[in-house]
Amino acid sequence: MRRFFFDLLVGNVVMIDPGGMVFERAEATFSAADDMARHLFVWRDDLRDRDACIRVRDASGREVYRAAVWAEHADKQGWDLA
């Protein structure tokens with residue numbers, strides 16, 4: 001099992017994930033990052049137009065995936081339920 005970190009990037013500001021999560025394969029982090037980005041789109045309207053994303057990196061610091069908070073989720077799924 002390997003540890004991966006999910007950082008929030010908002011423009012030029014990076015909020016580092018200090019603890020990360022353990023996954024068996026890097027590909028499993030893709031859906032976790034997409035879920036986080038989808039959640040932020042619904043609940044954090046201040047991040048929608050600010051070029052925000054979730055960056056997944058491995059323990060060595062190498063970026064393995066990036067999920068956009070607003071661009072990928074233009075359908076606003078769940079917005080009417082908020």
# chains A, B, ... in the order shown; residues from 1 in each chain; ligands from 1

$ select_by_dssp --residues "range 1-78 of chain A" --states "helix (DSSP H, G or I)" --output "list in words"
Ala28, Thr29, Phe30, Ser31, Ala32, Ala33, Asp34, Asp35, Met36, Ala37, Arg38, His39, Leu40, Phe41, Val42, Trp43, Asp45, Asp46, Leu47, Ala71, Glu72 and His73 of chain A

$ residues_around --residues "range 62-69 of chain A" --least-positions-apart "5" --cutoff "10 Å" --atoms "only C-alpha atoms" --output "PyMOL selection string"
chain A and resi 4-10+26-27+29-42+44-45+47-57+74

$ atom_distance --atom1 "CA of Arg2 in chain A" --atom2 "CA of Val22 in chain A"
5.4 Å

$ select_by_dssp --residues "range 17-79 of chain A" --states "strand (DSSP E)" --output "list of chain:residue names"
A:Met21, A:Val22, A:Phe23, A:Ala52, A:Cys53, A:Ile54, A:Arg55, A:Val56, A:Arg57, A:Asp58, A:Glu63, A:Val64, A:Tyr65, A:Arg66, A:Ala67, A:Ala68

$ atom_distance --atom1 "CA of Ser60 in chain A" --atom2 "CA of Ala28 in chain A"
17.5 Å

$ decode --residues "range 12-45 of chain A" --atoms "N, CA, C and O atoms" --output "PDB file, in the first residue's frame"
ATOM      1  N   ASN A  12      -2.639  30.378  -7.681  1.00  0.00           N
ATOM      2  CA  ASN A  12      -1.234  30.174  -7.308  1.00  0.00           C
ATOM      3  C   ASN A  12      -1.058  29.722  -5.867  1.00  0.00           C
ATOM      4  O   ASN A  12       0.062  29.591  -5.391  1.00  0.00           O
ATOM      5  N   VAL A  13      -2.152  29.492  -5.161  1.00  0.00           N
ATOM      6  CA  VAL A  13      -2.099  29.090  -3.751  1.00  0.00           C
ATOM      7  C   VAL A  13      -2.263  27.574  -3.658  1.00  0.00           C
ATOM      8  O   VAL A  13      -3.137  26.996  -4.290  1.00  0.00           O
ATOM      9  N   VAL A  14      -1.396  26.952  -2.859  1.00  0.00           N
ATOM     10  CA  VAL A  14      -1.443  25.503  -2.667  1.00  0.00           C
ATOM     11  C   VAL A  14      -1.696  25.209  -1.194  1.00  0.00           C
ATOM     12  O   VAL A  14      -0.964  25.687  -0.326  1.00  0.00           O
ATOM     13  N   MET A  15      -2.749  24.435  -0.930  1.00  0.00           N
ATOM     14  CA  MET A  15      -3.026  23.976   0.425  1.00  0.00           C
ATOM     15  C   MET A  15      -2.644  22.503   0.483  1.00  0.00           C
ATOM     16  O   MET A  15      -3.329  21.649  -0.085  1.00  0.00           O
ATOM     17  N   ILE A  16      -1.540  22.222   1.146  1.00  0.00           N
ATOM     18  CA  ILE A  16      -0.945  20.890   1.188  1.00  0.00           C
ATOM     19  C   ILE A  16      -1.754  19.971   2.103  1.00  0.00           C
ATOM     20  O   ILE A  16      -2.142  20.353   3.200  1.00  0.00           O
ATOM     21  N   ASP A  17      -1.966  18.759   1.627  1.00  0.00           N
ATOM     22  CA  ASP A  17      -2.582  17.707   2.441  1.00  0.00           C
ATOM     23  C   ASP A  17      -1.481  17.124   3.320  1.00  0.00           C
ATOM     24  O   ASP A  17      -0.552  16.492   2.815  1.00  0.00           O
ATOM     25  N   PRO A  18      -1.555  17.298   4.635  1.00  0.00           N
ATOM     26  CA  PRO A  18      -0.464  16.851   5.500  1.00  0.00           C
ATOM     27  C   PRO A  18      -0.446  15.352   5.781  1.00  0.00           C
ATOM     28  O   PRO A  18       0.605  14.791   6.070  1.00  0.00           O
ATOM     29  N   GLY A  19      -1.594  14.685   5.684  1.00  0.00           N
ATOM     30  CA  GLY A  19      -1.641  13.277   6.077  1.00  0.00           C
ATOM     31  C   GLY A  19      -1.782  12.299   4.940  1.00  0.00           C
ATOM     32  O   GLY A  19      -1.242  11.201   4.973  1.00  0.00           O
ATOM     33  N   GLY A  20      -2.538  12.666   3.932  1.00  0.00           N
ATOM     34  CA  GLY A  20      -2.758  11.779   2.803  1.00  0.00           C
ATOM     35  C   GLY A  20      -3.651  10.599   3.137  1.00  0.00           C
ATOM     36  O   GLY A  20      -4.213  10.506   4.230  1.00  0.00           O
ATOM     37  N   MET A  21      -3.789   9.714   2.160  1.00  0.00           N
ATOM     38  CA  MET A  21      -4.566   8.495   2.312  1.00  0.00           C
ATOM     39  C   MET A  21      -3.805   7.346   1.656  1.00  0.00           C
ATOM     40  O   MET A  21      -3.003   7.559   0.742  1.00  0.00           O
ATOM     41  N   VAL A  22      -4.078   6.159   2.126  1.00  0.00           N
ATOM     42  CA  VAL A  22      -3.373   4.973   1.627  1.00  0.00           C
ATOM     43  C   VAL A  22      -4.247   4.274   0.584  1.00  0.00           C
ATOM     44  O   VAL A  22      -5.426   4.018   0.814  1.00  0.00           O
ATOM     45  N   PHE A  23      -3.631   3.976  -0.554  1.00  0.00           N
ATOM     46  CA  PHE A  23      -4.286   3.250  -1.641  1.00  0.00           C
ATOM     47  C   PHE A  23      -3.348   2.167  -2.146  1.00  0.00           C
ATOM     48  O   PHE A  23      -2.126   2.315  -2.081  1.00  0.00           O
ATOM     49  N   GLU A  24      -3.926   1.118  -2.674  1.00  0.00           N
ATOM     50  CA  GLU A  24      -3.119   0.043  -3.227  1.00  0.00           C
ATOM     51  C   GLU A  24      -2.527   0.429  -4.579  1.00  0.00           C
ATOM     52  O   GLU A  24      -1.375   0.122  -4.867  1.00  0.00           O
ATOM     53  N   ARG A  25      -3.328   1.114  -5.395  1.00  0.00           N
ATOM     54  CA  ARG A  25      -2.878   1.508  -6.733  1.00  0.00           C
ATOM     55  C   ARG A  25      -3.144   2.988  -6.957  1.00  0.00           C
ATOM     56  O   ARG A  25      -4.138   3.531  -6.475  1.00  0.00           O
ATOM     57  N   ALA A  26      -2.291   3.614  -7.745  1.00  0.00           N
ATOM     58  CA  ALA A  26      -2.445   5.039  -8.038  1.00  0.00           C
ATOM     59  C   ALA A  26      -3.758   5.325  -8.755  1.00  0.00           C
ATOM     60  O   ALA A  26      -4.382   6.371  -8.530  1.00  0.00           O
ATOM     61  N   GLU A  27      -4.212   4.426  -9.597  1.00  0.00           N
ATOM     62  CA  GLU A  27      -5.442   4.637 -10.353  1.00  0.00           C
ATOM     63  C   GLU A  27      -6.662   4.786  -9.440  1.00  0.00           C
ATOM     64  O   GLU A  27      -7.642   5.430  -9.805  1.00  0.00           O
ATOM     65  N   ALA A  28      -6.612   4.190  -8.266  1.00  0.00           N
ATOM     66  CA  ALA A  28      -7.728   4.287  -7.319  1.00  0.00           C
ATOM     67  C   ALA A  28      -7.874   5.707  -6.781  1.00  0.00           C
ATOM     68  O   ALA A  28      -8.960   6.095  -6.346  1.00  0.00           O
ATOM     69  N   THR A  29      -6.826   6.487  -6.830  1.00  0.00           N
ATOM     70  CA  THR A  29      -6.898   7.862  -6.335  1.00  0.00           C
ATOM     71  C   THR A  29      -7.671   8.771  -7.283  1.00  0.00           C
ATOM     72  O   THR A  29      -8.158   9.816  -6.863  1.00  0.00           O
ATOM     73  N   PHE A  30      -7.799   8.369  -8.550  1.00  0.00           N
ATOM     74  CA  PHE A  30      -8.474   9.213  -9.537  1.00  0.00           C
ATOM     75  C   PHE A  30      -9.925   9.452  -9.147  1.00  0.00           C
ATOM     76  O   PHE A  30     -10.401  10.586  -9.158  1.00  0.00           O
ATOM     77  N   SER A  31     -10.632   8.385  -8.801  1.00  0.00           N
ATOM     78  CA  SER A  31     -12.043   8.554  -8.438  1.00  0.00           C
ATOM     79  C   SER A  31     -12.186   9.292  -7.107  1.00  0.00           C
ATOM     80  O   SER A  31     -13.131  10.064  -6.929  1.00  0.00           O
ATOM     81  N   ALA A  32     -11.246   9.098  -6.188  1.00  0.00           N
ATOM     82  CA  ALA A  32     -11.283   9.830  -4.916  1.00  0.00           C
ATOM     83  C   ALA A  32     -11.110  11.329  -5.166  1.00  0.00           C
ATOM     84  O   ALA A  32     -11.842  12.152  -4.591  1.00  0.00           O
ATOM     85  N   ALA A  33     -10.177  11.695  -6.026  1.00  0.00           N
ATOM     86  CA  ALA A  33      -9.961  13.110  -6.346  1.00  0.00           C
ATOM     87  C   ALA A  33     -11.163  13.694  -7.077  1.00  0.00           C
ATOM     88  O   ALA A  33     -11.569  14.830  -6.806  1.00  0.00           O
ATOM     89  N   ASP A  34     -11.754  12.928  -7.993  1.00  0.00           N
ATOM     90  CA  ASP A  34     -12.955  13.399  -8.698  1.00  0.00           C
ATOM     91  C   ASP A  34     -14.101  13.630  -7.719  1.00  0.00           C
ATOM     92  O   ASP A  34     -14.830  14.617  -7.837  1.00  0.00           O
ATOM     93  N   ASP A  35     -14.261  12.731  -6.758  1.00  0.00           N
ATOM     94  CA  ASP A  35     -15.309  12.893  -5.742  1.00  0.00           C
ATOM     95  C   ASP A  35     -15.070  14.140  -4.899  1.00  0.00           C
ATOM     96  O   ASP A  35     -16.005  14.884  -4.582  1.00  0.00           O
ATOM     97  N   MET A  36     -13.826  14.378  -4.527  1.00  0.00           N
ATOM     98  CA  MET A  36     -13.498  15.571  -3.742  1.00  0.00           C
ATOM     99  C   MET A  36     -13.805  16.838  -4.540  1.00  0.00           C
ATOM    100  O   MET A  36     -14.394  17.787  -4.014  1.00  0.00           O
ATOM    101  N   ALA A  37     -13.415  16.849  -5.814  1.00  0.00           N
ATOM    102  CA  ALA A  37     -13.656  18.011  -6.664  1.00  0.00           C
ATOM    103  C   ALA A  37     -15.155  18.242  -6.839  1.00  0.00           C
ATOM    104  O   ALA A  37     -15.635  19.380  -6.795  1.00  0.00           O
ATOM    105  N   ARG A  38     -15.908  17.173  -7.022  1.00  0.00           N
ATOM    106  CA  ARG A  38     -17.363  17.281  -7.172  1.00  0.00           C
ATOM    107  C   ARG A  38     -17.988  17.848  -5.886  1.00  0.00           C
ATOM    108  O   ARG A  38     -18.852  18.710  -5.920  1.00  0.00           O
ATOM    109  N   HIS A  39     -17.531  17.378  -4.754  1.00  0.00           N
ATOM    110  CA  HIS A  39     -18.028  17.868  -3.465  1.00  0.00           C
ATOM    111  C   HIS A  39     -17.720  19.363  -3.305  1.00  0.00           C
ATOM    112  O   HIS A  39     -18.586  20.143  -2.888  1.00  0.00           O
ATOM    113  N   LEU A  40     -16.507  19.762  -3.636  1.00  0.00           N
ATOM    114  CA  LEU A  40     -16.134  21.167  -3.524  1.00  0.00           C
ATOM    115  C   LEU A  40     -16.953  22.034  -4.474  1.00  0.00           C
ATOM    116  O   LEU A  40     -17.316  23.167  -4.139  1.00  0.00           O
ATOM    117  N   PHE A  41     -17.262  21.520  -5.660  1.00  0.00           N
ATOM    118  CA  PHE A  41     -18.081  22.281  -6.601  1.00  0.00           C
ATOM    119  C   PHE A  41     -19.464  22.570  -6.019  1.00  0.00           C
ATOM    120  O   PHE A  41     -19.980  23.669  -6.130  1.00  0.00           O
ATOM    121  N   VAL A  42     -20.046  21.591  -5.374  1.00  0.00           N
ATOM    122  CA  VAL A  42     -21.394  21.745  -4.829  1.00  0.00           C
ATOM    123  C   VAL A  42     -21.400  22.634  -3.593  1.00  0.00           C
ATOM    124  O   VAL A  42     -22.242  23.512  -3.459  1.00  0.00           O
ATOM    125  N   TRP A  43     -20.435  22.444  -2.702  1.00  0.00           N
ATOM    126  CA  TRP A  43     -20.489  23.105  -1.400  1.00  0.00           C
ATOM    127  C   TRP A  43     -19.630  24.356  -1.259  1.00  0.00           C
ATOM    128  O   TRP A  43     -19.796  25.106  -0.304  1.00  0.00           O
ATOM    129  N   ARG A  44     -18.687  24.566  -2.164  1.00  0.00           N
ATOM    130  CA  ARG A  44     -17.800  25.737  -2.049  1.00  0.00           C
ATOM    131  C   ARG A  44     -17.903  26.591  -3.306  1.00  0.00           C
ATOM    132  O   ARG A  44     -17.060  26.522  -4.203  1.00  0.00           O
ATOM    133  N   ASP A  45     -18.940  27.397  -3.386  1.00  0.00           N
ATOM    134  CA  ASP A  45     -19.140  28.214  -4.577  1.00  0.00           C
ATOM    135  C   ASP A  45     -18.025  29.240  -4.768  1.00  0.00           C
ATOM    136  O   ASP A  45     -17.818  29.732  -5.859  1.00  0.00           O
TER     137      ASP A  45
END
